[in-house]
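Student: First the structure, then my questions, so here it is.
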Amino acid sequence: MKRRNFIGALAGAACATALTVGSAWSADVTLRLHQFLPPMATVPKHILKPWAEQVEETSGGAIAIQHFDAMALGGKPPELMDQAIDGVADITMTVVGYTPGRYPRTEVFELPFMMTNPVATSKAFMEMVENDFQESEYGNVKVLGAWVHGPGLIHTKDGVAKLEDLQGKKLRGPTRVINDMLNEMGATPVGMPLPAIPEALSKGVIDGTVIPWEVTPAVRLSELVGHHTEFAGDEALYTATIIMVMNKDRYEGLSDEARAAIDAHSGQALSEFAAQVMWDYDAPGRAIAEKAGNQITVLDETEVARWKEAAEPVYARWIADMDSKGIDGQALIDEARALIKKHGG
């Protein structure tokens, strides 16, 4: 899976757009961006703040974006979508699965071994937002970006070297689909937002967690567990869907020029940029675990095939659940796979 660096390219696009959009309006606009991660985590530091700076530059200084990290405006991570809807914040970033079952179509990207490449998967996700989900799932907000993180893996106190090692392990999962996968494979899933992981591990509430390498430094995970399990092959065990949305009235109430400044750096541009940055920061997270002397186990393709077979009932249940909601689940799977392939995955 080839990585590309989009940071410089996106910054150049920002400057070019600034020349065309300029500062064509005089009223100052201040937008509050609220999210659940600490300020030094990858997403706020290397995605949200650079994105905001590009919007501000393109607006000619007429837009200011204030950052409220780590739930500084109050509430809990599962409330972030409603905070955007209700105007508690103008913009929020969150994991879609923190509100289980509320955005069912989006879950297609969280199915086991669906993702082959986070950038291609993010572009597929954003394309399905533009073509369908903006209206069918997110009609009460404006979606600015939709993406996924890099390959999800397993981090535990005593190690997972084969499928049977999951039996009885209490593992934190971020979403209902991923928890269903863990349950199907023999683990005991425990749902919780990412910030709760350190305390849950310290108190023995969980034996481990599934998250990508990128975010492990933010919760000092390599100090709390000694074993990490990766998966050989092109498909990742799982990924989680991430979304940044804006209060719909606030967005529509902006001047044409202000909306143009936001739009210039949103949509596919933001989704691709965010996915690439998160993927790039998997390597530093892994390096921390290596430096700590932790054991990293890579399951070979023969073992991974057993996990894929074990995950098949998750697909069947999800399709049946979608059918009960009047949604063609198999069609969503087929479309997601086709778009991931189209975008290079």
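Letters A, B, ... go to the chains of the structure tokens in the order shown; residues in each chain start at 1; ligands are counted from 1 in the same order.
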Taking the chain letters and numbering used in this document, name the residues of range 103-214 of chain A that DSSP puts in alpha helix (DSSP H), as a short mmCIF file (atom, residue, chain, number, x, y, z; two decimals) with N, CA, C and O atoms, in the first residue's frame.
Tutor:
```
data_model
loop_
_atom_site.label_atom_id
_atom_site.label_comp_id
_atom_site.auth_asym_id
_atom_site.auth_seq_id
_atom_site.Cartn_x
_atom_site.Cartn_y
_atom_site.Cartn_z
N PRO A 118 -6.43 2.97 3.27
CA PRO A 118 -7.24 3.99 3.93
C PRO A 118 -7.53 5.21 3.06
O PRO A 118 -8.60 5.81 3.20
N VAL A 119 -6.61 5.58 2.18
CA VAL A 119 -6.87 6.73 1.31
C VAL A 119 -7.95 6.38 0.29
O VAL A 119 -8.92 7.14 0.10
N ALA A 120 -7.81 5.24 -0.36
CA ALA A 120 -8.83 4.81 -1.32
C ALA A 120 -10.18 4.61 -0.64
O ALA A 120 -11.23 5.00 -1.19
N THR A 121 -10.17 4.05 0.55
CA THR A 121 -11.42 3.82 1.28
C THR A 121 -12.06 5.14 1.69
O THR A 121 -13.28 5.30 1.63
N SER A 122 -11.25 6.10 2.09
CA SER A 122 -11.78 7.42 2.46
C SER A 122 -12.38 8.13 1.26
O SER A 122 -13.45 8.76 1.37
N LYS A 123 -11.74 8.03 0.13
CA LYS A 123 -12.29 8.66 -1.08
C LYS A 123 -13.60 7.98 -1.49
O LYS A 123 -14.54 8.64 -1.94
N ALA A 124 -13.66 6.65 -1.30
CA ALA A 124 -14.90 5.94 -1.57
C ALA A 124 -16.00 6.38 -0.61
O ALA A 124 -17.15 6.61 -1.01
N PHE A 125 -15.65 6.50 0.67
CA PHE A 125 -16.60 6.95 1.69
C PHE A 125 -17.13 8.33 1.33
O PHE A 125 -18.35 8.57 1.32
N MET A 126 -16.24 9.26 1.01
CA MET A 126 -16.68 10.62 0.69
C MET A 126 -17.53 10.64 -0.58
O MET A 126 -18.50 11.40 -0.67
N GLU A 127 -17.20 9.81 -1.55
CA GLU A 127 -18.00 9.76 -2.77
C GLU A 127 -19.42 9.26 -2.46
O GLU A 127 -20.40 9.77 -3.01
N MET A 128 -19.54 8.28 -1.58
CA MET A 128 -20.86 7.80 -1.21
C MET A 128 -21.61 8.84 -0.39
O MET A 128 -22.85 8.93 -0.46
N GLN A 134 -25.14 12.16 2.25
CA GLN A 134 -25.43 13.52 2.70
C GLN A 134 -26.93 13.72 2.90
O GLN A 134 -27.36 14.37 3.87
N GLU A 135 -27.71 13.12 2.03
CA GLU A 135 -29.16 13.25 2.15
C GLU A 135 -29.76 12.13 3.00
O GLU A 135 -30.60 12.38 3.88
N SER A 136 -29.34 10.89 2.78
CA SER A 136 -29.99 9.76 3.45
C SER A 136 -29.52 9.58 4.89
O SER A 136 -30.28 9.05 5.71
N ARG A 176 -20.46 -0.53 16.91
CA ARG A 176 -21.26 -1.75 17.06
C ARG A 176 -20.84 -2.82 16.06
O ARG A 176 -20.86 -4.01 16.40
N VAL A 177 -20.47 -2.44 14.84
CA VAL A 177 -20.06 -3.43 13.85
C VAL A 177 -18.76 -4.10 14.28
O VAL A 177 -18.62 -5.33 14.21
N ILE A 178 -17.82 -3.31 14.75
CA ILE A 178 -16.54 -3.87 15.19
C ILE A 178 -16.73 -4.71 16.44
O ILE A 178 -16.11 -5.77 16.60
N ASN A 179 -17.62 -4.29 17.33
CA ASN A 179 -17.91 -5.10 18.51
C ASN A 179 -18.57 -6.43 18.13
O ASN A 179 -18.32 -7.46 18.75
N ASP A 180 -19.42 -6.39 17.11
CA ASP A 180 -20.03 -7.63 16.64
C ASP A 180 -18.95 -8.58 16.11
O ASP A 180 -18.99 -9.79 16.35
N MET A 181 -17.98 -8.02 15.40
CA MET A 181 -16.87 -8.83 14.90
C MET A 181 -16.08 -9.46 16.05
O MET A 181 -15.78 -10.66 16.03
N LEU A 182 -15.76 -8.66 17.06
CA LEU A 182 -15.00 -9.19 18.20
C LEU A 182 -15.77 -10.29 18.90
O LEU A 182 -15.21 -11.32 19.28
N ASN A 183 -17.07 -10.08 19.08
CA ASN A 183 -17.91 -11.08 19.73
C ASN A 183 -17.95 -12.37 18.92
O ASN A 183 -17.86 -13.48 19.47
N GLU A 184 -18.09 -12.23 17.62
CA GLU A 184 -18.15 -13.41 16.75
C GLU A 184 -16.85 -14.21 16.82
O GLU A 184 -16.86 -15.44 16.70
N ILE A 197 -9.91 4.61 27.23
CA ILE A 197 -9.09 3.40 27.18
C ILE A 197 -8.07 3.32 28.31
O ILE A 197 -7.95 2.28 28.99
N PRO A 198 -7.25 4.37 28.57
CA PRO A 198 -6.21 4.23 29.60
C PRO A 198 -6.74 3.82 30.97
O PRO A 198 -6.20 2.90 31.61
N GLU A 199 -7.80 4.46 31.43
CA GLU A 199 -8.35 4.13 32.74
C GLU A 199 -8.92 2.71 32.75
O GLU A 199 -8.74 1.97 33.72
N ALA A 200 -9.59 2.32 31.65
CA ALA A 200 -10.18 0.98 31.58
C ALA A 200 -9.10 -0.10 31.62
O ALA A 200 -9.26 -1.14 32.25
N LEU A 201 -7.97 0.15 30.97
CA LEU A 201 -6.86 -0.80 31.01
C LEU A 201 -6.24 -0.85 32.40
O LEU A 201 -5.95 -1.92 32.93
N SER A 202 -6.04 0.33 32.99
CA SER A 202 -5.39 0.40 34.31
C SER A 202 -6.21 -0.30 35.38
O SER A 202 -5.67 -0.91 36.30
#
```
Student: Taking the DSSP secondary structure from the backbone, can you list the residues of range 228-325 of chain A that are strand (DSSP E or B), as number ranges by chain?
Tutor: A: 228-231, 241-247, 295-299
Student: Looking at A:Leu237, A:Ala331, A:Ala232, A:Ile242, which one is nearest to Asp300 in chain A, with distances taken over only C-alpha atoms?
Tutor: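 Nearest candidate to Asp300 in chain A out of A:Leu237, A:Ala331, A:Ala232, A:Ile242: A:Ala232.
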Student: Pick out the residues sitting within 8 Å of His265 in chain A, and hand them over as a PyMOL selection string; count only C-alpha atoms, and ignore anything fewer than 2 positions along from it in its own chain.
Tutor: chain A and resi 14+51+54-55+261-263+267+269-270
Student: Mind pulling up the distance from CA of Asp328 in chain A to CA of Trp307 in chain A?
Tutor: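 Computing it gives 25.4 Å between the two atoms.
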Student: With a distance cut-off of 9 Å and only C-alpha atoms, select the neighbouring residues of Val215 in chain A, excluding the residue or stretch itself and same-chain residues fewer than 2 positions from it, and output the selection as a list of chain:residue names.
Tutor: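 Non-adjacent residues within range: A:Ala41, A:Thr42, A:Val43, A:Ile211, A:Pro212, A:Trp213, A:Pro217, A:Ala218, A:Val219, A:Arg220, A:Leu221, A:Met278, A:Tyr281, A:Asp282, A:Gly285.
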Student: Could you write out that same residue set with C-alpha atoms as a compact mmCIF listing (two decimals), in the first residue's frame?
Tutor:
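Listing of part21.txt after writing:
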```
# COMPACT_ATOMS: atom_id res chain seq x y z
CA ALA A 41 -2.96 13.97 18.94
CA THR A 42 -2.45 13.46 15.21
CA VAL A 43 -5.90 14.52 14.06
CA ILE A 211 -7.12 0.92 17.48
CA PRO A 212 -4.67 1.91 14.72
CA TRP A 213 -1.01 2.64 15.49
CA PRO A 217 0.75 7.76 21.51
CA ALA A 218 -2.24 9.96 22.43
CA VAL A 219 -3.34 7.42 25.05
CA ARG A 220 0.19 6.18 25.89
CA LEU A 221 -0.94 2.70 24.95
CA MET A 278 -3.41 9.35 9.79
CA TYR A 281 1.47 8.59 11.50
CA ASP A 282 0.98 4.84 11.96
CA GLY A 285 3.20 5.01 16.72
```
Student: For Gly87 in chain A, which of A:Thr116, A:Gln167, A:Thr58, A:Asn247 is the closest residue, counting only C-alpha atoms?
Tutor: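 Nearest to Gly87 in chain A: A:Asn247.
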Student: Using only C-alpha atoms, find the one residue out of A:Asp90, A:Gly60, A:Asp69, A:Val141 that sits nearest to Leu48 in chain A.
Tutor: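 Answer, going by the shortest atom-to-atom distance: A:Asp69.
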Student: Which distance in Å separates CA of Thr229 in chain A and CA of Phe109 in chain A, to one decimal?
Tutor: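 Taking CA of Thr229 in chain A as the start and CA of Phe109 in chain A as the end point, the length is 21.1 Å.
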Student: Compare A:Gly329, A:Ala274, A:Lys203, A:Asp165 by their minimum atom-to-atom distance to Ala146 in chain A, counting only C-alpha atoms, and give me the closest one.
Tutor: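 Of the candidates, the smallest distance to Ala146 in chain A is held by A:Ala274.
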Student: Taking 3 positions as the minimum chain separation for residues in the same chain, which residues sit within 10 Å of Ile91 in chain A when counting only C-alpha atoms? Answer as number ranges by chain.
Tutor: A: 31-35, 65-67, 80-81, 83-85, 87-88, 141-144, 244-248, 250-251
Student: With 8 Å as the cut-off and only C-alpha atoms counted, what is the closest atom pair between each nearby residue of range 123-206 of chain A and range 93-99 of chain A? Distances in Å to one decimal, ordered by chain and number, as JSON lines.
Tutor:
```
{"residue": "A:Pro174", "atom": "CA", "partner": "A:Gly97", "partner_atom": "CA", "distance": 6.6}
{"residue": "A:Thr175", "atom": "CA", "partner": "A:Gly97", "partner_atom": "CA", "distance": 4.5}
{"residue": "A:Arg176", "atom": "CA", "partner": "A:Gly97", "partner_atom": "CA", "distance": 6.8}
{"residue": "A:Pro193", "atom": "CA", "partner": "A:Tyr98", "partner_atom": "CA", "distance": 6.9}
```
Student: Using only C-alpha atoms, find the one residue out of A:Gly168, A:Pro38, A:Gly152, A:Gly253 that sits nearest to Met185 in chain A.
Tutor: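 For Met185 in chain A, the nearest of the candidates is A:Gly168.
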